[in-house]
$ cat input_13.json   # JSON, C-alpha atoms
[["chain", "number", "residue", "atom", "x", "y", "z"],
["A", 1095, "MET", "CA", -61.62, 53.84, 92.26],
["A", 1096, "ALA", "CA", -60.81, 57.39, 91.17],
["A", 1097, "LEU", "CA", -60.10, 58.09, 87.51],
["A", 1098, "ASP", "CA", -56.44, 58.95, 88.21],
["A", 1099, "ASP", "CA", -56.04, 55.62, 90.01],
["A", 1100, "LEU", "CA", -57.54, 53.78, 87.04],
["A", 1101, "TYR", "CA", -55.17, 55.58, 84.66],
["A", 1102, "GLN", "CA", -52.23, 54.65, 86.88],
["A", 1103, "GLU", "CA", -53.33, 50.99, 86.83],
["A", 1104, "ILE", "CA", -53.55, 51.04, 83.02],
["A", 1105, "ILE", "CA", -50.02, 52.47, 82.76],
["A", 1106, "LEU", "CA", -48.65, 49.93, 85.23],
["A", 1107, "ASP", "CA", -50.39, 47.08, 83.40],
["A", 1108, "HIS", "CA", -48.79, 48.08, 80.09],
["A", 1109, "TYR", "CA", -45.40, 48.47, 81.79],
["A", 1110, "ARG", "CA", -45.55, 45.08, 83.54],
["A", 1111, "LYS", "CA", -47.09, 43.22, 80.59],
["A", 1112, "PRO", "CA", -46.09, 45.08, 77.43],
["A", 1113, "ARG", "CA", -48.03, 44.34, 74.29],
["A", 1114, "ASN", "CA", -46.06, 43.34, 71.19],
["A", 1115, "PRO", "CA", -42.63, 43.29, 72.88],
["A", 1116, "GLY", "CA", -39.36, 42.29, 71.27],
["A", 1117, "ARG", "CA", -38.05, 42.49, 67.75],
["A", 1118, "LEU", "CA", -40.16, 41.91, 64.70],
["A", 1119, "GLY", "CA", -38.47, 39.14, 62.70],
["A", 1120, "ASP", "CA", -40.02, 40.16, 59.39],
["A", 1121, "ALA", "CA", -39.93, 43.93, 59.92],
["A", 1122, "GLN", "CA", -40.05, 46.05, 56.81],
["A", 1123, "VAL", "CA", -38.17, 48.71, 58.76],
["A", 1124, "GLU", "CA", -36.70, 49.13, 62.24],
["A", 1125, "VAL", "CA", -35.89, 52.47, 63.82],
["A", 1126, "ARG", "CA", -34.06, 53.17, 67.04],
["A", 1127, "HIS", "CA", -35.06, 56.24, 69.05],
["A", 1128, "TYR", "CA", -33.30, 57.64, 72.10],
["A", 1129, "ASN", "CA", -34.34, 60.06, 74.79],
["A", 1130, "PRO", "CA", -31.05, 61.27, 76.26],
["A", 1131, "VAL", "CA", -32.82, 63.18, 79.04],
["A", 1132, "CYS", "CA", -34.17, 59.99, 80.63],
["A", 1133, "GLY", "CA", -31.99, 57.33, 79.00],
["A", 1134, "ASP", "CA", -34.93, 55.65, 77.24],
["A", 1135, "GLU", "CA", -34.08, 53.62, 74.15],
["A", 1136, "LEU", "CA", -36.60, 51.93, 71.86],
["A", 1137, "LEU", "CA", -36.32, 49.85, 68.72],
["A", 1138, "VAL", "CA", -39.59, 50.00, 66.80],
["A", 1139, "GLY", "CA", -40.16, 47.39, 64.12],
["A", 1140, "LEU", "CA", -42.91, 47.89, 61.54],
["A", 1141, "ARG", "CA", -44.38, 45.96, 58.64],
["A", 1142, "LEU", "CA", -47.07, 47.41, 56.43],
["A", 1143, "ASP", "CA", -49.44, 45.46, 54.21],
["A", 1144, "GLY", "CA", -50.49, 48.03, 51.64],
["A", 1145, "ASP", "CA", -51.88, 50.91, 53.67],
["A", 1146, "ARG", "CA", -52.48, 48.84, 56.84],
["A", 1147, "VAL", "CA", -50.21, 48.32, 59.86],
["A", 1148, "ALA", "CA", -49.68, 44.56, 59.58],
["A", 1149, "ALA", "CA", -47.20, 44.18, 62.44],
["A", 1150, "VAL", "CA", -45.47, 46.37, 64.98],
["A", 1151, "ALA", "CA", -43.21, 45.53, 67.91],
["A", 1152, "VAL", "CA", -41.08, 47.45, 70.39],
["A", 1153, "ASP", "CA", -37.86, 46.33, 72.05],
["A", 1154, "GLY", "CA", -36.17, 48.62, 74.48],
["A", 1155, "LYS", "CA", -35.37, 49.82, 77.92],
["A", 1156, "GLY", "CA", -36.29, 52.85, 79.89],
["A", 1157, "CYS", "CA", -38.67, 54.31, 82.41],
["A", 1158, "SER", "CA", -42.15, 52.98, 83.03],
["A", 1159, "ILE", "CA", -43.74, 55.87, 81.12],
["A", 1160, "SER", "CA", -41.76, 55.24, 77.92],
["A", 1161, "GLN", "CA", -42.26, 51.48, 78.06],
["A", 1162, "ALA", "CA", -45.99, 51.66, 78.86],
["A", 1163, "ALA", "CA", -46.68, 54.34, 76.23],
["A", 1164, "ALA", "CA", -44.86, 52.27, 73.59],
["A", 1165, "SER", "CA", -46.96, 49.25, 74.56],
["A", 1166, "VAL", "CA", -50.15, 51.29, 74.21],
["A", 1167, "MET", "CA", -48.96, 52.56, 70.83],
["A", 1168, "THR", "CA", -48.51, 49.03, 69.47],
["A", 1169, "GLU", "CA", -51.94, 48.00, 70.70],
["A", 1170, "GLN", "CA", -53.58, 51.08, 69.20],
["A", 1171, "VAL", "CA", -52.01, 51.05, 65.72],
["A", 1172, "LEU", "CA", -51.84, 47.30, 64.98],
["A", 1173, "GLY", "CA", -54.22, 46.30, 62.20],
["A", 1174, "ARG", "CA", -55.36, 49.83, 61.46],
["A", 1175, "PRO", "CA", -55.06, 51.75, 58.20],
["A", 1176, "LEU", "CA", -51.83, 53.78, 58.29],
["A", 1177, "ALA", "CA", -53.67, 57.12, 57.99],
["A", 1178, "GLU", "CA", -55.78, 56.27, 61.05],
["A", 1179, "ALA", "CA", -52.72, 55.11, 62.99],
["A", 1180, "LEU", "CA", -50.99, 58.40, 62.18],
["A", 1181, "ASP", "CA", -54.11, 60.26, 63.35],
["A", 1182, "GLN", "CA", -53.82, 58.35, 66.63],
["A", 1183, "ALA", "CA", -50.16, 59.34, 66.93],
["A", 1184, "GLU", "CA", -51.10, 62.98, 66.37],
["A", 1185, "ALA", "CA", -53.93, 62.74, 68.92],
["A", 1186, "PHE", "CA", -51.44, 61.36, 71.46],
["A", 1187, "ARG", "CA", -48.98, 64.16, 70.70],
["A", 1188, "ARG", "CA", -51.74, 66.73, 71.23],
["A", 1189, "LEU", "CA", -52.69, 65.02, 74.50],
["A", 1190, "MET", "CA", -49.11, 65.29, 75.72],
["A", 1191, "HIS", "CA", -49.01, 68.99, 74.89],
["A", 1192, "GLY", "CA", -52.45, 69.76, 76.30],
["A", 1193, "ASP", "CA", -53.76, 70.86, 72.89],
["A", 1194, "GLY", "CA", -57.56, 70.74, 72.92],
["A", 1195, "GLU", "CA", -59.83, 68.07, 74.33],
["A", 1196, "PRO", "CA", -58.54, 64.51, 74.02],
["A", 1197, "ASP", "CA", -60.47, 62.07, 71.83],
["A", 1198, "GLU", "CA", -60.86, 59.09, 74.18],
["A", 1199, "GLU", "CA", -62.22, 56.84, 71.44],
["A", 1200, "LEU", "CA", -59.22, 57.51, 69.19],
["A", 1201, "LEU", "CA", -56.67, 57.29, 72.03],
["A", 1202, "GLY", "CA", -57.90, 54.10, 73.72],
["A", 1203, "ASP", "CA", -55.64, 53.29, 76.69],
["A", 1204, "GLY", "CA", -53.51, 56.26, 75.61],
["A", 1205, "ILE", "CA", -55.92, 58.51, 77.51],
["A", 1206, "ALA", "CA", -54.34, 57.16, 80.70],
["A", 1207, "PHE", "CA", -51.28, 59.32, 79.99],
["A", 1208, "LYS", "CA", -53.28, 62.55, 80.22],
["A", 1209, "GLY", "CA", -51.65, 63.44, 83.55],
["A", 1210, "VAL", "CA", -48.15, 63.08, 82.09],
["A", 1211, "ALA", "CA", -48.66, 66.40, 80.28],
["A", 1212, "ARG", "CA", -48.29, 68.14, 83.67],
["A", 1213, "TYR", "CA", -44.64, 66.98, 83.80],
["A", 1214, "PRO", "CA", -42.76, 68.40, 80.79],
["A", 1215, "VAL", "CA", -39.66, 66.27, 81.37],
["A", 1216, "ARG", "CA", -41.84, 63.12, 81.15],
["A", 1217, "VAL", "CA", -43.60, 64.14, 77.93],
["A", 1218, "LYS", "CA", -40.61, 63.06, 75.84],
["A", 1219, "CYS", "CA", -40.69, 59.68, 77.58],
["A", 1220, "ALA", "CA", -44.36, 59.17, 76.70],
["A", 1221, "LEU", "CA", -43.90, 60.31, 73.10],
["A", 1222, "LEU", "CA", -40.80, 58.24, 72.30],
["A", 1223, "GLY", "CA", -42.57, 55.12, 71.02],
["A", 1224, "TRP", "CA", -45.12, 57.15, 69.07],
["A", 1225, "MET", "CA", -42.36, 59.17, 67.41],
["A", 1226, "GLY", "CA", -40.57, 55.93, 66.62],
["A", 1227, "PHE", "CA", -43.74, 54.62, 64.97],
["A", 1228, "LYS", "CA", -44.14, 57.79, 62.90],
["A", 1229, "ASP", "CA", -40.50, 57.61, 61.82],
["A", 1230, "ALA", "CA", -40.82, 53.93, 60.91],
["A", 1231, "ALA", "CA", -44.02, 54.63, 58.94],
["A", 1232, "ALA", "CA", -42.33, 57.44, 57.02],
["A", 1233, "ARG", "CA", -39.33, 55.25, 56.20],
["A", 1234, "ALA", "CA", -41.48, 52.26, 55.23],
["A", 1235, "THR", "CA", -43.69, 54.25, 52.88],
["A", 1236, "ALA", "CA", -40.62, 55.90, 51.33],
["A", 1237, "GLY", "CA", -38.96, 52.51, 50.80],
["A", 1238, "GLN", "CA", -36.08, 53.37, 53.13],
["A", 1239, "ASP", "CA", -34.25, 51.21, 55.62],
["A", 1240, "GLY", "CA", -34.26, 51.85, 59.34],
["A", 1241, "GLY", "CA", -32.27, 54.43, 61.18],
["A", 1242, "GLU", "CA", -31.49, 56.04, 64.50],
["A", 1243, "THR", "CA", -32.88, 59.24, 65.95],
["A", 1244, "VAL", "CA", -32.15, 61.14, 69.11],
["A", 1245, "TYR", "CA", -35.64, 62.21, 70.04],
["A", 1246, "GLY", "CA", -36.72, 65.60, 68.81],
["A", 1247, "GLU", "CA", -40.22, 66.75, 68.04],
["A", 1248, "GLU", "CA", -39.07, 68.58, 64.92],
["A", 1249, "GLN", "CA", -39.53, 65.22, 63.20],
["A", 1250, "ASP", "CA", -43.27, 65.08, 64.08],
["A", 1251, "GLU", "CA", -44.77, 66.91, 61.11],
["A", 1252, "THR", "CA", -42.11, 65.75, 58.68],
["A", 1253, "ALA", "CA", -42.68, 62.09, 59.54],
["A", 1254, "VAL", "CA", -46.45, 62.42, 59.19],
["A", 1255, "ARG", "CA", -46.17, 64.17, 55.81],
["A", 1256, "ALA", "CA", -43.69, 61.58, 54.53],
["A", 1257, "ALA", "CA", -45.81, 58.64, 55.70],
["A", 1258, "ARG", "CA", -48.97, 60.08, 54.17],
["A", 1259, "GLY", "CA", -47.24, 60.58, 50.84],
["A", 1260, "PRO", "CA", -46.68, 63.35, 48.32],
["A", 1261, "GLY", "CA", -48.81, 66.43, 48.66],
["A", 1262, "ALA", "CA", -49.44, 66.00, 52.39],
["A", 1263, "GLN", "CA", -49.29, 69.33, 54.16],
["A", 1264, "GLY", "CA", -48.40, 70.30, 57.69],
["A", 1265, "ALA", "CA", -46.84, 73.06, 59.72],
["A", 1266, "GLY", "CA", -43.10, 73.49, 59.92],
["A", 1267, "GLY", "CA", -40.24, 72.80, 57.58],
["A", 1268, "VAL", "CA", -38.25, 69.71, 56.86],
["A", 1269, "SER", "CA", -35.10, 69.35, 58.91],
["A", 1270, "PRO", "CA", -31.82, 68.88, 57.02],
["A", 1271, "ARG", "CA", -31.37, 65.46, 58.66],
["A", 1272, "VAL", "CA", -34.73, 64.27, 57.32],
["A", 1273, "GLU", "CA", -33.91, 65.64, 53.86],
["A", 1274, "GLN", "CA", -30.61, 63.72, 53.92],
["A", 1275, "ALA", "CA", -32.45, 60.54, 54.92],
["A", 1276, "LYS", "CA", -34.87, 60.98, 52.03],
["A", 1277, "GLU", "CA", -31.96, 61.45, 49.62],
["A", 1278, "GLY", "CA", -30.05, 58.51, 51.08],
["A", 1279, "THR", "CA", -27.07, 60.66, 52.05],
["A", 1280, "ALA", "CA", -27.50, 60.40, 55.84]]
$ encode --input "input_13.json" --output "structure tokens"
Amino acid sequence: MALDDLYQEIILDHYRKPRNPGRLGDAQVEVRHYNPVCGDELLVGLRLDGDRVAAVAVDGKGCSISQAAASVMTEQVLGRPLAEALDQAEAFRRLMHGDGEPDEELLGDGIAFKGVARYPVRVKCALLGWMGFKDAAARATAGQDGGETVYGEEQDETAVRAARGPGAQGAGGVSPRVEQAKEGTA
């Protein structure tokens, strides 16, 4: 079996048998993310226990790429320290943008999406669940409730900085929408 065939099988397996599907009854925060280009919609529920991802679940509809990538995300981050889970999310984002060599150990089954980077319109599909996780982590660590986001990568760095806490640095500025959410005026 060729490597591309194996990757396709991994994606199909996660699509047909998603890990951690549905709503999380005791979620600390739920966020809804949309990808208007493809029509994907995901509700990501998250519960932290201190600095560890205690529970995560995804409920949604959309293309096989968005559903499978969200399933992989839940499998990869569950039970991990939040900082490590955020590192995984960043590694997946870099994979989707072809930035550097992918870290297969950090990505786990996420490496199967390597070929998606060749199709820019599909990158947003693959990133949707990961962006939802980052948003949920930022809201949970800030003590905020859930929210809705139409997918946009401008939230990437802001969500990581917010989830990691005060003093965390990253490229790019904070969008006005994120600032409003932090202030509770959104």
$ residues_around --input "input_13.json" --residues "Lys1111 (chain A)" --least-positions-apart "4" --cutoff "9 Å" --atoms "all atoms listed in the file" --output "list in words"
Leu1106, Asp1107, Pro1115, Ala1162 and Ser1165 of chain A
$ residues_near_point --input "input_13.json" --point "(-54.1, 65.4, 75.6)" --cutoff "12 Å" --atoms "all atoms listed in the file" --output "PDB file with C-alpha atoms, in the frame of the given file"
ATOM      1  CA  GLN A1182     -53.820  58.350  66.630  1.00  0.00           C
ATOM      2  CA  ALA A1183     -50.160  59.340  66.930  1.00  0.00           C
ATOM      3  CA  GLU A1184     -51.100  62.980  66.370  1.00  0.00           C
ATOM      4  CA  ALA A1185     -53.930  62.740  68.920  1.00  0.00           C
ATOM      5  CA  PHE A1186     -51.440  61.360  71.460  1.00  0.00           C
ATOM      6  CA  ARG A1187     -48.980  64.160  70.700  1.00  0.00           C
ATOM      7  CA  ARG A1188     -51.740  66.730  71.230  1.00  0.00           C
ATOM      8  CA  LEU A1189     -52.690  65.020  74.500  1.00  0.00           C
ATOM      9  CA  MET A1190     -49.110  65.290  75.720  1.00  0.00           C
ATOM     10  CA  HIS A1191     -49.010  68.990  74.890  1.00  0.00           C
ATOM     11  CA  GLY A1192     -52.450  69.760  76.300  1.00  0.00           C
ATOM     12  CA  ASP A1193     -53.760  70.860  72.890  1.00  0.00           C
ATOM     13  CA  GLY A1194     -57.560  70.740  72.920  1.00  0.00           C
ATOM     14  CA  GLU A1195     -59.830  68.070  74.330  1.00  0.00           C
ATOM     15  CA  PRO A1196     -58.540  64.510  74.020  1.00  0.00           C
ATOM     16  CA  ASP A1197     -60.470  62.070  71.830  1.00  0.00           C
ATOM     17  CA  GLU A1198     -60.860  59.090  74.180  1.00  0.00           C
ATOM     18  CA  LEU A1200     -59.220  57.510  69.190  1.00  0.00           C
ATOM     19  CA  LEU A1201     -56.670  57.290  72.030  1.00  0.00           C
ATOM     20  CA  GLY A1204     -53.510  56.260  75.610  1.00  0.00           C
ATOM     21  CA  ILE A1205     -55.920  58.510  77.510  1.00  0.00           C
ATOM     22  CA  ALA A1206     -54.340  57.160  80.700  1.00  0.00           C
ATOM     23  CA  PHE A1207     -51.280  59.320  79.990  1.00  0.00           C
ATOM     24  CA  LYS A1208     -53.280  62.550  80.220  1.00  0.00           C
ATOM     25  CA  GLY A1209     -51.650  63.440  83.550  1.00  0.00           C
ATOM     26  CA  VAL A1210     -48.150  63.080  82.090  1.00  0.00           C
ATOM     27  CA  ALA A1211     -48.660  66.400  80.280  1.00  0.00           C
ATOM     28  CA  ARG A1212     -48.290  68.140  83.670  1.00  0.00           C
ATOM     29  CA  VAL A1217     -43.600  64.140  77.930  1.00  0.00           C
ATOM     30  CA  ALA A1220     -44.360  59.170  76.700  1.00  0.00           C
ATOM     31  CA  LEU A1221     -43.900  60.310  73.100  1.00  0.00           C
TER      32      LEU A1221
END
$ residues_near_point --input "input_13.json" --point "(-50.3, 46.6, 52.2)" --cutoff "12 Å" --atoms "all atoms listed in the file" --output "mmCIF file with C-alpha atoms, keeping the file's coordinate frame"
data_model
loop_
_atom_site.group_PDB
_atom_site.id
_atom_site.type_symbol
_atom_site.label_atom_id
_atom_site.label_comp_id
_atom_site.auth_asym_id
_atom_site.auth_seq_id
_atom_site.Cartn_x
_atom_site.Cartn_y
_atom_site.Cartn_z
ATOM 1 C CA GLN A 1122 -40.050 46.050 56.810
ATOM 2 C CA LEU A 1140 -42.910 47.890 61.540
ATOM 3 C CA ARG A 1141 -44.380 45.960 58.640
ATOM 4 C CA LEU A 1142 -47.070 47.410 56.430
ATOM 5 C CA ASP A 1143 -49.440 45.460 54.210
ATOM 6 C CA GLY A 1144 -50.490 48.030 51.640
ATOM 7 C CA ASP A 1145 -51.880 50.910 53.670
ATOM 8 C CA ARG A 1146 -52.480 48.840 56.840
ATOM 9 C CA VAL A 1147 -50.210 48.320 59.860
ATOM 10 C CA ALA A 1148 -49.680 44.560 59.580
ATOM 11 C CA ALA A 1149 -47.200 44.180 62.440
ATOM 12 C CA GLY A 1173 -54.220 46.300 62.200
ATOM 13 C CA ARG A 1174 -55.360 49.830 61.460
ATOM 14 C CA PRO A 1175 -55.060 51.750 58.200
ATOM 15 C CA LEU A 1176 -51.830 53.780 58.290
ATOM 16 C CA ALA A 1234 -41.480 52.260 55.230
ATOM 17 C CA THR A 1235 -43.690 54.250 52.880
#
$ closest_residue --input "input_13.json" --among "A:Gln1102, A:Asn1129, A:Gln1238, A:Ser1158" --to "Met1225 (chain A)" --atoms "all atoms listed in the file"
A:Asn1129
$ closest_residue --input "input_13.json" --among "A:Ala1096, A:Ile1159, A:Gly1237, A:Trp1224" --to "Val1138 (chain A)" --atoms "all atoms listed in the file"
A:Trp1224
$ closest_residue --input "input_13.json" --among "A:Glu1178, A:Glu1103, A:Asp1098, A:Glu1135" --to "Glu1242 (chain A)" --atoms "only C-alpha atoms"
A:Glu1135
$ atom_distance --input "input_13.json" --atom1 "CA of Val1125 (chain A)" --atom2 "CA of Ala1151 (chain A)"
10.9 Å
$ atom_distance --input "input_13.json" --atom1 "CA of Gly1156 (chain A)" --atom2 "CA of Pro1112 (chain A)"
12.7 Å
$ atom_distance --input "input_13.json" --atom1 "CA of Asp1153 (chain A)" --atom2 "CA of Leu1137 (chain A)"
5.1 Å
$ closest_residue --input "input_13.json" --among "A:Asp1134, A:Asp1120, A:Asp1099, A:Glu1169" --to "Gly1154 (chain A)" --atoms "all atoms listed in the file"
A:Asp1134
